[in-house]
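S.K.: Can you keep this structure in mind? I'll have questions shortly.
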Amino acid sequence: AAAADSPSAALRRRDLCSRGIRLAGKMRSDVIDLLDTYVERQGLDASASVAAVEGVPAAAAERWDEQTGTQRLLENLAAYRAFRALLAQMLEEQREQLGEADAALGRALAAVLLQVSAFAYHLEELLRLESRGPPSEEGAGPPPPPHLGPFERKLRGLGVLRELAQWAVRSARDLRQLAKPGPGSSSAPSPAESP
Amino acid sequence: MFSAWNWVAHGLYLLLNICFLEVSGGLVQSCGHIIPESPVLALGSNFTALCILNESCLDFGNIYANQIIWKIKNRVVPKEQYREINRTVSSVTFNDTSSLATPLTCNILADGQIEQNIYGITVTIGLPPEKPKNLSCIVHQVSKLTYPMTCTWNPGRHTFLDTHFRLKYRWPQENFPDCIPKDVNNSCTITDVQFFVNLEVWVEAANALGKAESDPLVLDPIEIVKPLSPHNLSVNSGILPTVLKLSWENRISAAVMKLKFNIRYRIIGDTNWMQVPPEDTASPRTSFSVQGLRPYTEYVFSIRCMKEDGVGYWSDWSEEKTGVTTEDKPSKGPPIWRIIDASRSPASWTVHLMWKGLEPFEANGVILQYEVTVRAKSSLSSPPEKYSVNTTNLTLKLPNGTYEVTVIARNRVGASPPSVLLIPASNSKAPVKNVRTLPKDGKLWVGWTAPNSYVLKYVIEWCLVSNSSDCVTEWQNEPGNVQGTYLKGDIKPFKCYLITVYPLYADGQGSGQSVKAYLQQDRPSKGPTVQTKKVGKAEAVLTWNHLTVDEQNGFIRSYTIFYKTIDGNETAVTVDPSKTEYTLSSLTSDTLYTVRMMAYTDEGGRSGPDFTFTTQKFGKGEIEAIVVPVCLAFLLIVLLGVLFCFNKRDLIKKHIWPIVPDPSKSNIAQWSPQVPAKHNFSSKDQMYPEGSFTDVSVVEIEADDKKSFSEQDLKPFDLLKKEKSTSEGHSSGIGGSSCMSSPRQSVSDSDEGEATQNTSSTVQYSTVVLNGYRDQTPVQVFSRSESTQPLLDSEERSEDHAGGGDSATQRQQYFKRNGGQDETNADRPCFERTKQITPANEGDLVGFAQLQISGQSSQLLGNELEKNTQEAALSDVLQTSTEGQTVRPETVEGSPLSVDEMPKSYLPQTVRQGGYMPQ
């Protein structure tokens with residue numbers, strides 16, 4: 001954690017924002033690519049509609065522009081923490097299912113997982129700069145995965161990836177908003193530091 | 001290396017132990033061990049080892065620690081390094097491990113003599129790892145989504161130990177598995193990295209002696225990306241002839257990084273690249289239009305990219321792609337020049353117009369044709385003549401005058417601006433001055449001094465001067481503001497070039513100024529062949545031909561003539577190169593000289609073949625000076641001799657023709673008339689009676705008294721002679737033309753064997769018939785005219801009468817007179833004698849005449865035959881005596897009878913000066 005108002009903190013924040021935006025962009029690009037691969041590899045129909053995945057916060061937000069920076073960061077963090085868990089689960093399932101036979105899909109999944117993880121780190125750092133500190137991960141994680149059949153898992157995976165793509169777009173917008181100097185950029189500073 | 005050696009040593013040691021156990025192991029247990037077991041030691045550190053003996057051995061063999069001997073390999077460690085700690089423990093200490101080696105053994109002297117190994121250890125010596133330095137990383141894009149990161153570092157010094165390196169990296173909140181290098185110790189590649197998150201990277205090196213970490217490197221991998229170059233580059237010609245449009249695909253997602261580009265291009269065949277200004281391509285794009293290109297030119301393009309902000313690395317250059325710009329109008333007219341041949345006819349010129357094809361950058365396309373317009377300046381009314389040609393020359397026959405020639409090059413797009421050449425009637429304008437050349441950088445530079453007036457442009461003509469080929473003119477244009485240029489062409493070294501510079505004015509042309517030049521000179525390829533034109537006694541004129549221009553290889557600066565005698569020193573004479581003749585002087589006469597000649601250029605000389613000549617023994621005119629006087633002297637001597645001979649001819653004659661004794665004057669001859677009985681002529685006795693001699697003596701007196709005869713009395717005889725001379729040719733067969741053929745001579749001639757005259761001699765002898773005295777008939781008649789040997793007969797006969805005759809005295813007198821006359825006759829050549837002797841001859845003739853008269857009157861025997869012979873003889877006598885004196889024969893003519901008497905005159909002639917007249 002760093003002092004919020006110091007010039008270095010502002011610089012750091014801007015840097016985190018800009019890189020976060022680009023990371024979100026890259027993540028979205030990669031997820032879109034991954035989606036194609038995933039649909040193909042899993043034998044799914046690209047136009048298949050998937051119900052909302054349980055445990056994944058919806059990217060769509062009401063009154064999005066009224067949110068504070070911290071709110072945005074917190075929502076984002078919660079979402080990406082969920083994605084991290086889901087993707088890790090997917091990766092495990094994928095390894096179990098396909099073994100090493102489809103390494104490319106596995107590598108792409110791992111790459112996206114890494115980016116999700118990195119983005120979560122960005123959010124945490126930004127929250128620290130907001131003098132808030134990230135909330136503890138305990139309890140914030142997704143519920144233990146329900147026991148699903150293989151096809152349901154595939155569909156779920158598809159749903160996760162689609163939502164992630166949505167979130168990537170939203171996150172980029174959130175961070176842009178956050179990077180703007182202005183009232184909406186952050187909440188009132190708090191001297192308290194969370195551990 | 002070090003560790004390898006350790007391994008070997010260790011193996012040896014194990015072998016040793018096995019042997020030990022086999023030999024004695026069954027009986028003797030290991031009696032001790034060393035602490036530490038197989039240590040790894042830092043080089044340079046100190047080290048202490050302990051050898052601990054087993055208690056059992058102490059009892060068994062009285063072995064104690066003070067008996068321990070430490071050895072490194074087979075070398076005993078000095079005792080000073082030992083320390084006996086107690087009965088069973090001995091230590092050894094090394095202050096510097098560099099003195100250590102493997103194995104280190106603990107030995108004991110059993111029974112004070114036998115050394116026995118107790119235990120041994122392997123000692124490994126090495127270095128702890130250094131901190132890795134200079135860690136750097138780069139992300140190579142290998143595909144659209146794959147970004148492996150390769151980090152390299154400096155592993156530091158060699159440790160002699162097995163040292164492991166690990167590339168460690170992590171995110172602040174997440175650790176990643178280490179990257180372990182394969183086969184190398186200074187680089188490792190992380191297969192995939194994620195961008196936009198700072199990554200901490202460092203290297204850890206570890207071995208038995210320690211561990212070291214490099215300084216960590218914190219970076220966002222996006223900042224160290226070397227992207228893949230753009231691909232699928234394509235080049236398309238645009239609407240404009242100077243523009244080509246490039247298109248490509250980027251292989252890195254814009255989500256990953258935004259790119260900037262470099263575009264480079266070159267004309268195909270050229271090696272130098274040009275580059276589009278980087279600021280023009282500093283933003284992400286997939287196409288670009290390159291401008292400012294040459295029309296109708298093929299270009300090669302290539303492109304590369306990097307992160308837009310310049311952080312990271314440039315990609316490699318893309319593959320090259322070519323494109324051709326479209327055609328454009330020729331940018332300028334072709335350079336034009338002409339050669340005027342005015343020799344064929346005085347009133348017109350043959351004008352060879354020639355122009356150069358445009359350079360590709362000027363032609364801007366394919367030149368389809370040239371359009372030539374010739375306009376006569378003098379007659380403005382006449383329309384200009386136009387020609388379309390595909391070649392770059394045109395030959396026209398034009399009347400003398402001033403013309404303006406225009407040439408236009410045309411390609412598919414359009415026509416070039418016109419090139420104009422003024423052909424003036426005469427090159428009357430100011431020429432350039434001071435044309436000079438200078439070889440520079442393998443090219444030939446021509447410079448000149450500009451005339452004072454404004455020059456439009458210059459034309460430089462040049463050609464290679466050679467014997468073997470014609471001067472093929474090459475030329476080039478230069479703008480009017482320059483005063484020097486390099487010749488644009490293949491100028492060869494060692495060749496002579498004739499360079500001419502013409503200034504062209506707006507209204508005329510200056511005459512050309514020429515200079516000869518070489519790009520590079522060399523020695524002549526051969527020397528002049530010298531020979532002599534003329535060789536004298538002390539000088540020789542040498543002549544030679546100039547070297548041909550092909551042989552010169554440069555400007556001939558001088559000739560040098562070397563000449564020497566066979567054993568003499570060589571003399572050198574330098575000769576002006578314009579000469580082809582030289583006179584060597586002060587040579588030694590009659591000496592063999594060898595001469596050769598060298599021709600020099602600035603680069604050196606070469607000698608021609610040797611030529612030898614020999615100077616003459618005599619100088620010019622010397623022989624004449626000797627020969628002519630000698631000849632003249634000889635001629636003079638001959639002339640003088642001839643004159644002398646002539647003057648002294650009588651004397652000479654006397655010596656050359658000695659007087660042969662005349663048989664007729666011998667005693668026998670005197671006697672012969674007195675032996676008539678011997679002859680067949682019976683009348684002889686009658687003719688020469690004893691008494692008649694007295695009469696003869698009378699006659700003699702008359703004869704002696706010849707001087708009493710007047711000239712008048714003689715005249716008739718002269719006349720006779722004259723007449724007779726007309727018929728002398730046939731009347732006498734002898735001595736018609738020569739004084740030598742006088743009767744008396746003929747006698748001697750016959751003696752000398754002149755057969756042809758024998759007859760005449762005979763005749764003469766036949767005339768020597770003593771016809772008796774005047775009034776008497778001839779007593780004797782010799783018929784020797786038919787015989788060749790009358791004299792012998794008469795002599796014989798004479799001898800017969802040797803003793804008799806009273807008339808001997810008389811006859812002697814008679815002979816005496818005749819003899820004197822005879823003598824004068826014989827001594828003188830007839831030519832001169834004619835006058836001198838005249839009195840004597842006259843005397844003789846008078847005598848004859850008298851004899852004849854008397855003979856005629858007293859002749860009893862008119863023997864016709866004899867008469868004839870006598871006549872012939874007489875004519876001879878007359879001829880001999882009167883040659884040149886034509887008067888004489890008249891007298892004979894006048895008295896034909898006297899012909900018979902003539903032989904009488906002979907007898908006295910044969911009498912020798914009365915020297916031996918018989919008594």
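Residues in the structure tokens are named by chain (A, B, ... in the order shown) and by number from 1 within that chain; ligands are numbered from 1 in the order shown.
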In range 17-169 of chain A, what's alpha helix (DSSP H) per DSSP? Answer as a PyMOL selection string?
M.R.: chain A and resi 17-42+69-98+103-129+150-169
S.K.: May I have a table of the residues of chain A lying at most 9 Å from chain B, giving each one's closest pair of atoms and their distance in Å to one decimal, counting only C-alpha atoms, ordered by chain and ascending residue number, as a tab-separated table?
M.R.:
residue	atom	partner	partner_atom	distance
A:Leu16	CA	B:Phe196	CA	8.7
A:Ser18	CA	B:Phe196	CA	8.9
A:Arg19	CA	B:Phe196	CA	5.2
A:Gly20	CA	B:Phe196	CA	6.9
A:Arg22	CA	B:Ala255	CA	6.6
A:Leu23	CA	B:Phe196	CA	5.6
A:Ala24	CA	B:Ala255	CA	8.8
A:Gly25	CA	B:Ala255	CA	5.4
A:Lys26	CA	B:Ala255	CA	4.9
A:Met27	CA	B:Ala255	CA	8.5
A:Arg28	CA	B:Ala255	CA	8.6
A:Ser29	CA	B:Ala255	CA	6.8
A:Asp30	CA	B:Leu145	CA	8.2
A:Ala108	CA	B:Leu145	CA	8.9
A:Ala111	CA	B:Gln194	CA	7.4
A:Leu114	CA	B:Gln194	CA	7.2
A:Gln115	CA	B:Gln194	CA	6.7
A:Ser117	CA	B:Glu174	CA	8.5
A:Ala118	CA	B:Val197	CA	6.3
A:Phe119	CA	B:Val197	CA	8.2
A:Tyr121	CA	B:Gln173	CA	6.8
A:His122	CA	B:Val197	CA	7.9
S.K.: Would you save the residues from that selection as a PDB file, in the first residue's frame, using C-alpha atoms?
M.R.:
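To be explicit, this is the file written out as part-v1.pdb:
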ATOM      1  CA  LEU A  16      -2.040   0.450 -13.283  1.00  0.00           C
ATOM      2  CA  SER A  18      -3.525   2.079 -18.394  1.00  0.00           C
ATOM      3  CA  ARG A  19      -2.003  -1.327 -18.227  1.00  0.00           C
ATOM      4  CA  GLY A  20      -5.213  -2.700 -16.805  1.00  0.00           C
ATOM      5  CA  ARG A  22      -4.697  -2.874 -22.180  1.00  0.00           C
ATOM      6  CA  LEU A  23      -4.709  -6.088 -20.249  1.00  0.00           C
ATOM      7  CA  ALA A  24      -8.494  -6.122 -20.416  1.00  0.00           C
ATOM      8  CA  GLY A  25      -8.266  -5.522 -24.120  1.00  0.00           C
ATOM      9  CA  LYS A  26      -5.781  -8.308 -24.603  1.00  0.00           C
ATOM     10  CA  MET A  27      -7.867 -10.534 -22.357  1.00  0.00           C
ATOM     11  CA  ARG A  28     -10.953  -9.895 -24.372  1.00  0.00           C
ATOM     12  CA  SER A  29      -9.112 -10.545 -27.595  1.00  0.00           C
ATOM     13  CA  ASP A  30      -7.698 -13.764 -26.233  1.00  0.00           C
ATOM     14  CA  ALA A 108      -5.038 -20.906 -24.140  1.00  0.00           C
ATOM     15  CA  ALA A 111      -3.117 -18.034 -20.569  1.00  0.00           C
ATOM     16  CA  LEU A 114      -3.154 -16.007 -15.970  1.00  0.00           C
ATOM     17  CA  GLN A 115      -4.545 -12.816 -17.381  1.00  0.00           C
ATOM     18  CA  SER A 117      -5.281 -13.515 -12.276  1.00  0.00           C
ATOM     19  CA  ALA A 118      -3.099 -10.601 -13.354  1.00  0.00           C
ATOM     20  CA  PHE A 119      -6.129  -8.401 -13.782  1.00  0.00           C
ATOM     21  CA  TYR A 121      -3.886  -8.291  -9.071  1.00  0.00           C
ATOM     22  CA  HIS A 122      -4.241  -4.966 -10.827  1.00  0.00           C
TER      23      HIS A 122
END
S.K.: Would you return as a PyMOL selection string the members of range 250-415 of chain B that DSSP assigns to strand (DSSP E or B) on this structure's backbone?
M.R.: chain B and resi 259-267+274-275+287-290+298-307+321-324+336-345+348-355+367-376+385-389+393-399+403-411+415
S.K.: Excluding Glu93 in chain A and its own-chain neighbours fewer than 3 positions away, which residues fall within 10 Å of it when counting only C-alpha atoms? Please give them as a compact mmCIF listing (two decimals) with N, CA, C and O atoms, in the first residue's frame.
M.R.:
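The resulting file, selection24.txt, is reproduced below:
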# COMPACT_ATOMS: atom_id res chain seq x y z
N LEU A 87 -12.16 -20.65 -14.05
CA LEU A 87 -11.24 -21.04 -15.13
C LEU A 87 -10.29 -22.13 -14.63
O LEU A 87 -9.98 -23.07 -15.38
N ALA A 88 -9.84 -21.98 -13.41
CA ALA A 88 -8.96 -23.02 -12.87
C ALA A 88 -9.69 -24.35 -12.86
O ALA A 88 -9.10 -25.40 -13.22
N GLN A 89 -10.95 -24.27 -12.50
CA GLN A 89 -11.76 -25.49 -12.49
C GLN A 89 -11.91 -26.06 -13.89
O GLN A 89 -11.76 -27.25 -14.12
N MET A 90 -12.17 -25.13 -14.82
CA MET A 90 -12.31 -25.55 -16.22
C MET A 90 -11.01 -26.19 -16.73
O MET A 90 -11.03 -27.19 -17.46
N GLU A 96 -8.51 -33.22 -17.30
CA GLU A 96 -9.03 -34.55 -16.99
C GLU A 96 -9.69 -35.17 -18.21
O GLU A 96 -9.50 -36.33 -18.52
N GLN A 97 -10.45 -34.27 -18.92
CA GLN A 97 -11.26 -34.76 -20.03
C GLN A 97 -10.41 -35.11 -21.25
O GLN A 97 -10.52 -36.17 -21.84
N LEU A 98 -9.56 -34.17 -21.59
CA LEU A 98 -8.82 -34.36 -22.84
C LEU A 98 -7.37 -34.76 -22.62
O LEU A 98 -6.68 -35.11 -23.57
N GLY A 99 -6.99 -34.71 -21.33
CA GLY A 99 -5.58 -35.02 -21.08
C GLY A 99 -4.69 -34.01 -21.78
O GLY A 99 -5.02 -32.83 -21.91
N PRO A 150 -20.79 -34.02 -18.21
CA PRO A 150 -19.77 -33.46 -19.09
C PRO A 150 -20.32 -32.38 -20.02
O PRO A 150 -19.68 -31.32 -20.20
N ARG A 153 -20.92 -29.27 -18.20
CA ARG A 153 -19.65 -28.59 -17.91
C ARG A 153 -19.21 -27.77 -19.13
O ARG A 153 -18.73 -26.64 -19.00
N LYS A 154 -19.35 -28.38 -20.30
CA LYS A 154 -18.94 -27.67 -21.51
C LYS A 154 -19.75 -26.39 -21.69
O LYS A 154 -19.20 -25.32 -21.95
N GLY A 157 -18.71 -23.93 -19.24
CA GLY A 157 -17.45 -23.30 -19.66
C GLY A 157 -17.68 -22.23 -20.72
O GLY A 157 -17.09 -21.14 -20.67
S.K.: Can you list, as a list in words, every protein, DNA or RNA residue that comes within 12 Å of Gly43 in chain A when you count only C-alpha atoms, leaving out same-chain residues fewer than 6 positions away?
M.R.: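 The contact residues come out as Leu35, Asp36, Thr37, Pro150, Phe151, Lys154, Leu155 and Leu158 of chain A.
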S.K.: Near Ser348 in chain B, counting only C-alpha atoms, which residues have an atom at most 6 Å away, once you skip same-chain residues fewer than 4 positions from it, shown as a ChimeraX atom specification?
M.R.: /B:398-400
S.K.: For those residues, write N, CA and C atoms to a file as a tab-separated table (two decimals), in the first residue's frame.
M.R.:
chain	number	residue	atom	x	y	z
B	398	LEU	N	22.69	18.40	-96.78
B	398	LEU	CA	22.12	19.74	-96.72
B	398	LEU	C	23.01	20.72	-97.46
B	399	PRO	N	22.41	21.69	-98.10
B	399	PRO	CA	23.23	22.77	-98.67
B	399	PRO	C	23.92	23.52	-97.52
B	400	ASN	N	25.05	24.09	-97.82
B	400	ASN	CA	25.75	24.86	-96.79
B	400	ASN	C	24.82	25.93	-96.23
S.K.: Name all residues at most 8 Å from range 582-594 of chain B (count only C-alpha atoms; drop same-chain ones fewer than 2 positions away) and give them as a PyMOL selection string.
M.R.: chain B and resi 536-543+563-566+575+579-580+596+610-618
S.K.: Quick one: everything within 12 Å of Leu444 in chain B, counting only C-alpha atoms, minus sequence neighbours fewer than 2 positions away in the same chain. Send it as an MDAnalysis selection string.
M.R.: chainID B and resid 436:442 446:447 462 484:493 495:499 516:520
S.K.: What would the file look like if the residues just selected were written as a PDB file, in the first residue's frame with N, CA and C atoms?
M.R.:
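The file below, again_27.pdb, is the result:
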ATOM      1  N   ARG B 436      42.939  20.969 -71.225  1.00  0.00           N
ATOM      2  CA  ARG B 436      43.915  20.144 -70.516  1.00  0.00           C
ATOM      3  C   ARG B 436      43.214  18.923 -69.948  1.00  0.00           C
ATOM      4  N   THR B 437      43.991  17.927 -69.631  1.00  0.00           N
ATOM      5  CA  THR B 437      43.401  16.692 -69.094  1.00  0.00           C
ATOM      6  C   THR B 437      44.150  16.279 -67.848  1.00  0.00           C
ATOM      7  N   LEU B 438      43.487  15.465 -67.067  1.00  0.00           N
ATOM      8  CA  LEU B 438      44.093  14.986 -65.829  1.00  0.00           C
ATOM      9  C   LEU B 438      43.452  13.647 -65.485  1.00  0.00           C
ATOM     10  N   PRO B 439      44.247  12.596 -65.383  1.00  0.00           N
ATOM     11  CA  PRO B 439      43.652  11.334 -64.947  1.00  0.00           C
ATOM     12  C   PRO B 439      43.361  11.420 -63.441  1.00  0.00           C
ATOM     13  N   LYS B 440      42.178  11.002 -63.084  1.00  0.00           N
ATOM     14  CA  LYS B 440      41.790  11.102 -61.673  1.00  0.00           C
ATOM     15  C   LYS B 440      40.841   9.961 -61.349  1.00  0.00           C
ATOM     16  N   ASP B 441      41.171   9.207 -60.354  1.00  0.00           N
ATOM     17  CA  ASP B 441      40.301   8.129 -59.872  1.00  0.00           C
ATOM     18  C   ASP B 441      39.921   7.178 -61.003  1.00  0.00           C
ATOM     19  N   GLY B 442      40.864   6.872 -61.859  1.00  0.00           N
ATOM     20  CA  GLY B 442      40.580   5.922 -62.934  1.00  0.00           C
ATOM     21  C   GLY B 442      39.741   6.508 -64.050  1.00  0.00           C
ATOM     22  N   VAL B 446      38.683  16.337 -68.128  1.00  0.00           N
ATOM     23  CA  VAL B 446      39.021  17.334 -69.141  1.00  0.00           C
ATOM     24  C   VAL B 446      38.613  18.693 -68.600  1.00  0.00           C
ATOM     25  N   GLY B 447      39.514  19.605 -68.672  1.00  0.00           N
ATOM     26  CA  GLY B 447      39.216  20.952 -68.221  1.00  0.00           C
ATOM     27  C   GLY B 447      39.528  21.960 -69.306  1.00  0.00           C
ATOM     28  N   TRP B 462      35.528  12.899 -78.190  1.00  0.00           N
ATOM     29  CA  TRP B 462      36.806  12.209 -78.039  1.00  0.00           C
ATOM     30  C   TRP B 462      36.782  10.927 -78.840  1.00  0.00           C
ATOM     31  N   GLY B 484      34.961  21.879 -66.710  1.00  0.00           N
ATOM     32  CA  GLY B 484      35.684  20.616 -66.620  1.00  0.00           C
ATOM     33  C   GLY B 484      34.715  19.505 -66.361  1.00  0.00           C
ATOM     34  N   THR B 485      35.090  18.321 -66.809  1.00  0.00           N
ATOM     35  CA  THR B 485      34.194  17.182 -66.615  1.00  0.00           C
ATOM     36  C   THR B 485      34.994  15.907 -66.775  1.00  0.00           C
ATOM     37  N   TYR B 486      34.425  14.846 -66.283  1.00  0.00           N
ATOM     38  CA  TYR B 486      34.996  13.529 -66.536  1.00  0.00           C
ATOM     39  C   TYR B 486      34.411  12.985 -67.825  1.00  0.00           C
ATOM     40  N   LEU B 487      35.243  12.316 -68.590  1.00  0.00           N
ATOM     41  CA  LEU B 487      34.729  11.676 -69.795  1.00  0.00           C
ATOM     42  C   LEU B 487      33.871  10.493 -69.369  1.00  0.00           C
ATOM     43  N   LYS B 488      32.664  10.469 -69.923  1.00  0.00           N
ATOM     44  CA  LYS B 488      31.743   9.389 -69.572  1.00  0.00           C
ATOM     45  C   LYS B 488      31.877   8.311 -70.624  1.00  0.00           C
ATOM     46  N   GLY B 489      32.673   7.356 -70.360  1.00  0.00           N
ATOM     47  CA  GLY B 489      32.858   6.287 -71.330  1.00  0.00           C
ATOM     48  C   GLY B 489      33.926   5.350 -70.829  1.00  0.00           C
ATOM     49  N   ASP B 490      34.156   4.357 -71.620  1.00  0.00           N
ATOM     50  CA  ASP B 490      35.146   3.358 -71.253  1.00  0.00           C
ATOM     51  C   ASP B 490      36.506   3.854 -71.735  1.00  0.00           C
ATOM     52  N   ILE B 491      37.162   4.587 -70.902  1.00  0.00           N
ATOM     53  CA  ILE B 491      38.478   5.113 -71.251  1.00  0.00           C
ATOM     54  C   ILE B 491      39.514   4.092 -70.800  1.00  0.00           C
ATOM     55  N   LYS B 492      40.292   3.613 -71.767  1.00  0.00           N
ATOM     56  CA  LYS B 492      41.251   2.555 -71.452  1.00  0.00           C
ATOM     57  C   LYS B 492      42.619   3.158 -71.152  1.00  0.00           C
ATOM     58  N   PRO B 493      43.350   2.531 -70.291  1.00  0.00           N
ATOM     59  CA  PRO B 493      44.715   3.012 -70.048  1.00  0.00           C
ATOM     60  C   PRO B 493      45.615   2.673 -71.228  1.00  0.00           C
ATOM     61  N   LYS B 495      46.116   4.086 -73.878  1.00  0.00           N
ATOM     62  CA  LYS B 495      45.603   4.411 -75.196  1.00  0.00           C
ATOM     63  C   LYS B 495      45.563   5.931 -75.346  1.00  0.00           C
ATOM     64  N   CYS B 496      45.809   6.349 -76.560  1.00  0.00           N
ATOM     65  CA  CYS B 496      45.838   7.784 -76.830  1.00  0.00           C
ATOM     66  C   CYS B 496      44.434   8.239 -77.216  1.00  0.00           C
ATOM     67  N   TYR B 497      43.979   9.257 -76.564  1.00  0.00           N
ATOM     68  CA  TYR B 497      42.664   9.802 -76.884  1.00  0.00           C
ATOM     69  C   TYR B 497      42.821  11.227 -77.388  1.00  0.00           C
ATOM     70  N   LEU B 498      42.100  11.503 -78.420  1.00  0.00           N
ATOM     71  CA  LEU B 498      42.067  12.859 -78.957  1.00  0.00           C
ATOM     72  C   LEU B 498      40.763  13.486 -78.473  1.00  0.00           C
ATOM     73  N   ILE B 499      40.906  14.527 -77.694  1.00  0.00           N
ATOM     74  CA  ILE B 499      39.738  15.124 -77.050  1.00  0.00           C
ATOM     75  C   ILE B 499      39.561  16.536 -77.596  1.00  0.00           C
ATOM     76  N   LYS B 516      45.549  15.820 -76.822  1.00  0.00           N
ATOM     77  CA  LYS B 516      45.717  14.375 -76.752  1.00  0.00           C
ATOM     78  C   LYS B 516      46.013  14.009 -75.307  1.00  0.00           C
ATOM     79  N   ALA B 517      45.494  12.872 -74.913  1.00  0.00           N
ATOM     80  CA  ALA B 517      45.663  12.517 -73.510  1.00  0.00           C
ATOM     81  C   ALA B 517      45.679  11.011 -73.344  1.00  0.00           C
ATOM     82  N   TYR B 518      46.304  10.607 -72.280  1.00  0.00           N
ATOM     83  CA  TYR B 518      46.295   9.210 -71.863  1.00  0.00           C
ATOM     84  C   TYR B 518      45.694   9.150 -70.470  1.00  0.00           C
ATOM     85  N   LEU B 519      44.891   8.138 -70.253  1.00  0.00           N
ATOM     86  CA  LEU B 519      44.402   7.912 -68.891  1.00  0.00           C
ATOM     87  C   LEU B 519      45.552   7.448 -68.022  1.00  0.00           C
ATOM     88  N   GLN B 520      46.362   6.584 -68.607  1.00  0.00           N
ATOM     89  CA  GLN B 520      47.524   6.090 -67.891  1.00  0.00           C
ATOM     90  C   GLN B 520      48.575   5.762 -68.918  1.00  0.00           C
TER      91      GLN B 520
END
S.K.: Any idea what the distance is between CA of Glu130 in chain A and CA of Gly69 in chain A?
M.R.: 8.7 Å
